[in-house]
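Novice: Input file: structure_23.cif. Contents: mmCIF, C-alpha atoms.
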data_query
loop_
_atom_site.label_atom_id
_atom_site.label_comp_id
_atom_site.auth_asym_id
_atom_site.auth_seq_id
_atom_site.Cartn_x
_atom_site.Cartn_y
_atom_site.Cartn_z
CA GLY A 1 11.18 297.58 155.66
CA ILE A 2 7.46 297.76 156.01
CA GLN A 3 6.18 299.75 158.99
CA VAL A 4 2.91 298.84 160.68
CA GLU A 5 1.19 301.31 162.98
CA GLN A 6 -1.91 300.68 165.05
CA SER A 7 -4.25 303.05 166.79
CA PRO A 8 -5.35 303.68 169.40
CA PRO A 9 -2.71 302.06 171.61
CA ASP A 10 -5.20 301.61 174.44
CA LEU A 11 -8.98 301.49 174.57
CA ILE A 12 -11.42 301.09 177.43
CA LEU A 13 -15.02 300.24 176.66
CA GLN A 14 -18.16 299.57 178.58
CA GLU A 15 -19.72 296.21 177.78
CA GLY A 16 -22.07 296.55 174.82
CA ALA A 17 -20.21 299.39 173.16
CA ASN A 18 -18.82 299.32 169.63
CA SER A 19 -15.27 300.15 168.60
CA THR A 20 -13.01 300.54 165.59
CA LEU A 21 -9.33 299.68 165.59
CA ARG A 22 -7.06 300.94 162.85
CA CYS A 23 -3.94 299.56 161.20
CA ASN A 24 -1.82 301.61 158.79
CA PHE A 25 1.02 300.13 156.79
CA SER A 26 3.79 301.91 154.95
CA ASP A 27 4.00 299.94 151.75
CA SER A 28 1.84 297.88 149.47
CA VAL A 29 1.09 294.50 150.94
CA ASN A 30 -0.62 291.46 149.54
CA ASN A 31 -1.55 289.94 152.84
CA LEU A 32 -2.83 291.25 156.15
CA GLN A 33 -4.00 289.40 159.21
CA TRP A 34 -5.68 290.44 162.47
CA PHE A 35 -4.93 288.58 165.69
CA HIS A 36 -6.32 288.65 169.20
CA GLN A 37 -4.05 287.92 172.14
CA ASN A 38 -6.07 287.00 175.20
CA PRO A 39 -5.00 287.96 178.74
CA TRP A 40 -3.24 284.58 179.07
CA GLY A 41 -1.06 285.32 176.07
CA GLN A 42 -2.62 283.04 173.45
CA LEU A 43 -2.58 284.52 169.95
CA ILE A 44 -5.55 283.63 167.76
CA ASN A 45 -5.97 284.54 164.12
CA LEU A 46 -9.18 286.51 163.56
CA PHE A 47 -9.04 287.41 159.90
CA TYR A 48 -6.93 286.98 156.83
CA ILE A 49 -7.97 290.04 154.87
CA PRO A 50 -5.69 291.32 152.10
CA SER A 51 -8.54 293.41 150.71
CA GLY A 52 -12.27 293.88 151.02
CA THR A 53 -14.50 293.13 153.99
CA LYS A 54 -15.08 290.02 156.06
CA GLN A 55 -17.38 289.39 158.99
CA ASN A 56 -17.32 286.78 161.71
CA GLY A 57 -20.06 287.19 164.29
CA ARG A 58 -19.62 290.48 166.14
CA LEU A 59 -16.28 291.13 164.46
CA SER A 60 -15.67 292.44 161.00
CA ALA A 61 -12.64 293.74 159.16
CA THR A 62 -12.05 295.90 156.13
CA THR A 63 -8.80 296.42 154.25
CA VAL A 64 -8.32 299.17 151.68
CA ALA A 65 -5.02 298.08 150.22
CA THR A 66 -4.72 301.02 147.82
CA GLU A 67 -4.88 303.42 150.77
CA ARG A 68 -2.73 301.21 153.03
CA TYR A 69 -5.01 300.71 155.97
CA SER A 70 -7.21 298.14 157.60
CA LEU A 71 -9.97 298.48 160.19
CA LEU A 72 -11.25 296.00 162.74
CA TYR A 73 -14.77 296.56 164.02
CA ILE A 74 -16.01 295.12 167.29
CA SER A 75 -19.71 295.44 167.91
CA SER A 76 -21.60 294.86 171.16
CA SER A 77 -18.32 294.28 172.98
CA GLN A 78 -18.09 291.66 175.73
CA THR A 79 -15.61 291.26 178.56
CA THR A 80 -14.15 288.27 176.74
CA ASP A 81 -13.08 290.63 173.94
CA SER A 82 -10.46 292.10 176.27
CA GLY A 83 -6.85 291.61 175.31
CA VAL A 84 -4.48 292.92 172.67
CA TYR A 85 -5.37 293.16 169.00
CA PHE A 86 -2.54 292.97 166.50
CA CYS A 87 -2.48 293.48 162.80
CA ALA A 88 0.35 291.88 160.87
CA VAL A 89 1.57 291.97 157.31
CA HIS A 90 4.05 289.80 155.51
CA GLY A 91 7.63 290.94 155.17
CA SER A 92 9.81 290.74 152.11
CA GLY A 93 10.69 287.45 150.57
CA ASN A 94 8.56 284.41 150.06
CA THR A 95 8.52 283.07 153.61
CA GLY A 96 5.28 284.30 155.08
CA LYS A 97 7.06 285.82 158.10
CA LEU A 98 4.88 288.38 159.80
CA ILE A 99 5.62 291.99 160.73
CA PHE A 100 3.39 292.99 163.61
CA GLY A 101 2.07 296.33 164.70
CA GLN A 102 2.46 297.36 168.32
CA GLY A 103 -1.09 296.37 169.11
CA THR A 104 -4.20 297.93 170.60
CA THR A 105 -4.89 296.94 174.21
CA LEU A 106 -8.62 296.66 174.76
CA GLN A 107 -10.30 296.47 178.15
CA VAL A 108 -14.03 295.84 178.22
CA LYS A 109 -15.62 296.62 181.57
CA PRO A 110 -18.80 294.90 182.76
CA GLY B 1 -7.09 268.31 167.28
CA ALA B 2 -3.96 269.22 169.21
CA GLY B 3 -2.56 272.67 168.71
CA VAL B 4 1.01 273.92 168.77
CA SER B 5 2.65 273.01 172.05
CA GLN B 6 5.69 274.59 173.65
CA SER B 7 7.85 273.66 176.59
CA PRO B 8 8.70 274.69 179.15
CA SER B 9 5.89 277.14 179.87
CA ASN B 10 8.19 279.20 182.05
CA LYS B 11 11.95 279.27 182.40
CA VAL B 12 14.04 281.21 184.87
CA THR B 13 17.76 281.15 184.31
CA GLU B 14 20.87 282.99 185.38
CA LYS B 15 22.75 285.32 183.10
CA GLY B 16 25.37 283.45 181.12
CA LYS B 17 23.59 280.08 181.13
CA ASP B 18 22.33 278.35 177.97
CA VAL B 19 18.62 277.57 177.49
CA GLU B 20 16.68 275.36 175.09
CA LEU B 21 13.07 276.01 174.17
CA ARG B 22 10.98 273.39 172.43
CA CYS B 23 8.14 273.63 169.93
CA ASP B 24 5.88 270.84 168.69
CA PRO B 25 3.94 272.08 165.65
CA ILE B 26 0.54 270.86 164.58
CA SER B 27 0.87 267.47 162.92
CA GLY B 28 1.27 267.81 159.18
CA HIS B 29 2.21 271.48 159.22
CA THR B 30 5.32 272.00 157.15
CA ALA B 31 6.06 275.64 158.03
CA LEU B 32 7.32 276.57 161.50
CA TYR B 33 8.11 280.02 162.86
CA TRP B 34 9.70 281.40 166.01
CA TYR B 35 8.81 284.89 167.27
CA ARG B 36 9.80 286.84 170.34
CA GLN B 37 7.49 289.14 172.28
CA SER B 38 9.08 291.63 174.64
CA LEU B 39 7.84 294.82 176.27
CA GLY B 40 10.15 297.13 174.41
CA GLN B 41 10.14 295.52 170.98
CA GLY B 42 6.70 294.01 170.55
CA LEU B 43 6.39 290.87 168.43
CA GLU B 44 9.48 290.13 166.34
CA PHE B 45 10.14 287.41 163.79
CA LEU B 46 13.16 285.24 164.58
CA ILE B 47 13.39 282.27 162.21
CA TYR B 48 11.32 280.29 159.69
CA PHE B 49 11.52 276.64 158.61
CA GLN B 50 9.72 275.20 155.59
CA GLY B 51 10.13 271.49 154.95
CA ASN B 52 13.66 270.64 153.90
CA SER B 53 14.47 274.11 152.59
CA ALA B 54 17.20 276.24 154.15
CA PRO B 55 15.71 278.19 157.07
CA ASP B 56 15.21 281.95 156.97
CA LYS B 57 17.36 283.11 159.89
CA SER B 58 17.12 286.80 159.11
CA GLY B 59 15.39 287.69 162.38
CA LEU B 60 17.87 286.13 164.81
CA PRO B 61 19.24 289.02 166.90
CA SER B 62 22.73 287.64 167.48
CA ASP B 63 24.89 284.56 166.97
CA ARG B 64 23.95 283.45 170.48
CA PHE B 65 20.60 282.40 169.03
CA SER B 66 20.19 279.25 166.95
CA ALA B 67 17.39 276.90 166.04
CA GLU B 68 17.01 273.43 164.65
CA ARG B 69 14.12 271.47 163.26
CA THR B 70 14.59 267.73 163.33
CA GLY B 71 12.71 265.45 160.98
CA GLY B 72 10.58 268.30 159.74
CA SER B 73 8.62 268.38 162.98
CA VAL B 74 9.87 269.39 166.43
CA SER B 75 11.99 272.52 166.69
CA THR B 76 14.40 273.67 169.38
CA LEU B 77 15.45 277.29 169.88
CA THR B 78 18.74 277.59 171.75
CA ILE B 79 20.02 280.75 173.39
CA GLN B 80 23.63 280.59 174.52
CA ARG B 81 25.14 282.76 177.24
CA THR B 82 21.79 284.34 178.04
CA GLN B 83 21.59 288.05 178.76
CA GLN B 84 18.95 289.96 180.69
CA GLU B 85 17.67 291.52 177.46
CA ASP B 86 16.79 288.01 176.25
CA SER B 87 13.93 287.99 178.77
CA ALA B 88 10.76 287.73 176.73
CA VAL B 89 7.99 285.39 175.66
CA TYR B 90 9.13 283.11 172.84
CA LEU B 91 6.27 282.07 170.57
CA CYS B 92 6.20 279.30 168.02
CA ALA B 93 3.73 279.06 165.14
CA SER B 94 3.04 276.58 162.38
CA THR B 95 1.15 276.58 159.09
CA PRO B 96 0.19 274.01 156.48
CA ARG B 97 2.12 274.16 153.22
CA GLY B 98 0.58 276.65 150.83
CA ARG B 99 -1.28 278.59 153.52
CA GLU B 100 1.63 280.59 154.92
CA TRP B 101 0.03 283.79 153.68
CA GLU B 102 -3.33 283.18 155.28
CA THR B 103 -2.81 282.33 158.90
CA GLN B 104 -0.38 281.06 161.48
CA TYR B 105 -1.32 278.91 164.45
CA PHE B 106 0.50 280.02 167.57
CA GLY B 107 1.51 278.05 170.62
CA PRO B 108 1.08 279.34 174.18
CA GLY B 109 4.68 280.54 174.39
CA THR B 110 7.62 280.07 176.74
CA ARG B 111 8.17 282.88 179.22
CA LEU B 112 11.90 283.30 179.72
CA LEU B 113 13.31 285.33 182.58
CA VAL B 114 17.06 285.89 182.76
CA LEU B 115 18.24 287.03 186.17
#
Would you kindly transcribe this structure into structure tokens?
Specialist:
Amino acid sequence: GIQVEQSPPDLILQEGANSTLRCNFSDSVNNLQWFHQNPWGQLINLFYIPSGTKQNGRLSATTVATERYSLLYISSSQTTDSGVYFCAVHGSGNTGKLIFGQGTTLQVKP
Amino acid sequence: GAGVSQSPSNKVTEKGKDVELRCDPISGHTALYWYRQSLGQGLEFLIYFQGNSAPDKSGLPSDRFSAERTGGSVSTLTIQRTQQEDSAVYLCASTPRGREWETQYFGPGTRLLVL
């Protein structure tokens, strides 16, 4: 099956710093999503980005499908950005079930 | 509008007991998913329902796990004869028909602890 690897596993930033999170996947995928899980456990979809670049405020994401990776950029980080960031791709079949990476745990210090 | 809701929020049970976890998807969403999040295994797909189609049960870890979706809305995940390794957060998600590839809306989860 498809393997999804994220790096780094952990990241500590000072408020205001920028960061880049990476997601590598082992096979061609048509669909990739980025999620943020806040410290209370709620998972929120950030981006649906099968290819190209999207931006939403201080966050942006780029997927290069031909090279099997995606990047999530966080600029001017805030303490509320803390949590775990997951990338996920769709598994085989036509069900939309997601295969998640292990996540990057981000802590933003004030 | 209301998001995906799950109950109970927390459940503590004894090994060998059965538990039922409930998920109320967003109104009108036809697709419903169950996932499990545990320390050792990360986030794992369990089961998928889409309308009246046969569910995709390929992620259920054993025959102790089963799920139903009544009337195309509420879903119940049942774990029989619970084991300590079943301790995890069980997450439910839903999606409108035709948007399964774009996003999934997750509930807050049920934290299950098996003693």
Novice: Pick out the residues sitting within 10 Å of Tyr90 in chain B, and hand them over as a list in words; count all atoms listed in the file, and ignore anything fewer than 3 positions along from it in its own chain.
Specialist: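 Here the answer would be Gln6, Ser9, Leu21, Arg22, Cys23, Trp34, Tyr35, Arg36, Gln37, Ser38, Leu43, Glu44, Leu46, Leu77, Asp86, Ser87, Gly107, Pro108, Gly109, Thr110, Arg111 and Leu112 of chain B.
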Novice: Could you spell out the hits of the PyMOL selection byres ((chain B) within 8 of (chain A)) on the shown file, as a ChimeraX atom specification?
Specialist: /B:33,42-45,48,56,100-109
Novice: Excluding same-chain residues fewer than 2 positions from Gln55 in chain A, what lies within 12 Å of it counting only C-alpha atoms, as number ranges by chain?
Specialist: A: 46-49, 52-53, 57-62, 71-75
Novice: Any chance you could work out the residue set of the PyMOL selection byres ((chain B and resi 65) around 12) here, as a list in words?
Specialist: Asp18, Val19, Glu20, Leu21, Trp34, Arg36, Leu46, Ile47, Lys57, Ser58, Gly59, Leu60, Pro61, Ser62, Asp63, Arg64, Ser66, Ala67, Glu68, Thr76, Leu77, Thr78, Ile79, Gln80, Arg81, Thr82, Gln83 and Asp86 of chain B
Novice: Taking C-alpha atoms for each residue, export the selection above as a short mmCIF file (atom, residue, chain, number, x, y, z; two decimals), in the coordinates of the input.
Specialist:
data_model
loop_
_atom_site.label_atom_id
_atom_site.label_comp_id
_atom_site.auth_asym_id
_atom_site.auth_seq_id
_atom_site.Cartn_x
_atom_site.Cartn_y
_atom_site.Cartn_z
CA ASP B 18 22.33 278.35 177.97
CA VAL B 19 18.62 277.57 177.49
CA GLU B 20 16.68 275.36 175.09
CA LEU B 21 13.07 276.01 174.17
CA TRP B 34 9.70 281.40 166.01
CA ARG B 36 9.80 286.84 170.34
CA LEU B 46 13.16 285.24 164.58
CA ILE B 47 13.39 282.27 162.21
CA LYS B 57 17.36 283.11 159.89
CA SER B 58 17.12 286.80 159.11
CA GLY B 59 15.39 287.69 162.38
CA LEU B 60 17.87 286.13 164.81
CA PRO B 61 19.24 289.02 166.90
CA SER B 62 22.73 287.64 167.48
CA ASP B 63 24.89 284.56 166.97
CA ARG B 64 23.95 283.45 170.48
CA SER B 66 20.19 279.25 166.95
CA ALA B 67 17.39 276.90 166.04
CA GLU B 68 17.01 273.43 164.65
CA THR B 76 14.40 273.67 169.38
CA LEU B 77 15.45 277.29 169.88
CA THR B 78 18.74 277.59 171.75
CA ILE B 79 20.02 280.75 173.39
CA GLN B 80 23.63 280.59 174.52
CA ARG B 81 25.14 282.76 177.24
CA THR B 82 21.79 284.34 178.04
CA GLN B 83 21.59 288.05 178.76
CA ASP B 86 16.79 288.01 176.25
#
Novice: Report, in Å with one decimal, the straight-line distance from CA of Lys11 in chain B to CA of Asp24 in chain B.
Specialist: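 Calculated distance between CA of Lys11 in chain B and CA of Asp24 in chain B is 17.2 Å.
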Novice: Take the PyMOL selection byres ((chain B and resi 95) around 8), run it mentally on this structure, and tell me the resulting residues as a ChimeraX atom specification.
Specialist: /B:26,29-32,93-94,96-97,99-100,103-105
Novice: Which polymer residues have any atom within 8 Å of an atom of Glu14 in chain B, counting all atoms listed in the file, with same-chain residues fewer than 3 positions away left out, as JSON, numbers by chain?
Specialist: {"B": [17, 82, 114, 115]}
Novice: What is the distance between CA of Pro9 in chain A and CA of Thr105 in chain A, in Å to one decimal?
Specialist: 6.1 Å
Novice: Mind giving me the straight-line distance from CA of Phe49 in chain B to CA of Gly98 in chain B in Å, one decimal?
Specialist: 13.4 Å
Novice: Using all atoms listed in the file, collect all residues at a distance of at most 8 Å from (-15.2, 296.1, 183.6) as written in the file, then present them as a ChimeraX atom specification.
Specialist: /A:14-15,79,107-110
Novice: Can you sort out the box for range 103-106 of chain B, edges along x, y and z, all listed atoms in, 8 Å on every side, with centre and edge lengths in Å to one decimal, as JSON?
Specialist:
{"center_x": -1.2, "center_y": 280.6, "center_z": 163.2, "size_x": 19.3, "size_y": 19.4, "size_z": 24.7}
Novice: Could you check which of B:Gly3, B:Cys92, B:Leu113, B:Glu85 is closest to Gly40 in chain B, using all atoms listed in the file?
Specialist: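 Once distances to Gly40 in chain B are computed over all atoms listed in the file, the minimum belongs to B:Glu85.
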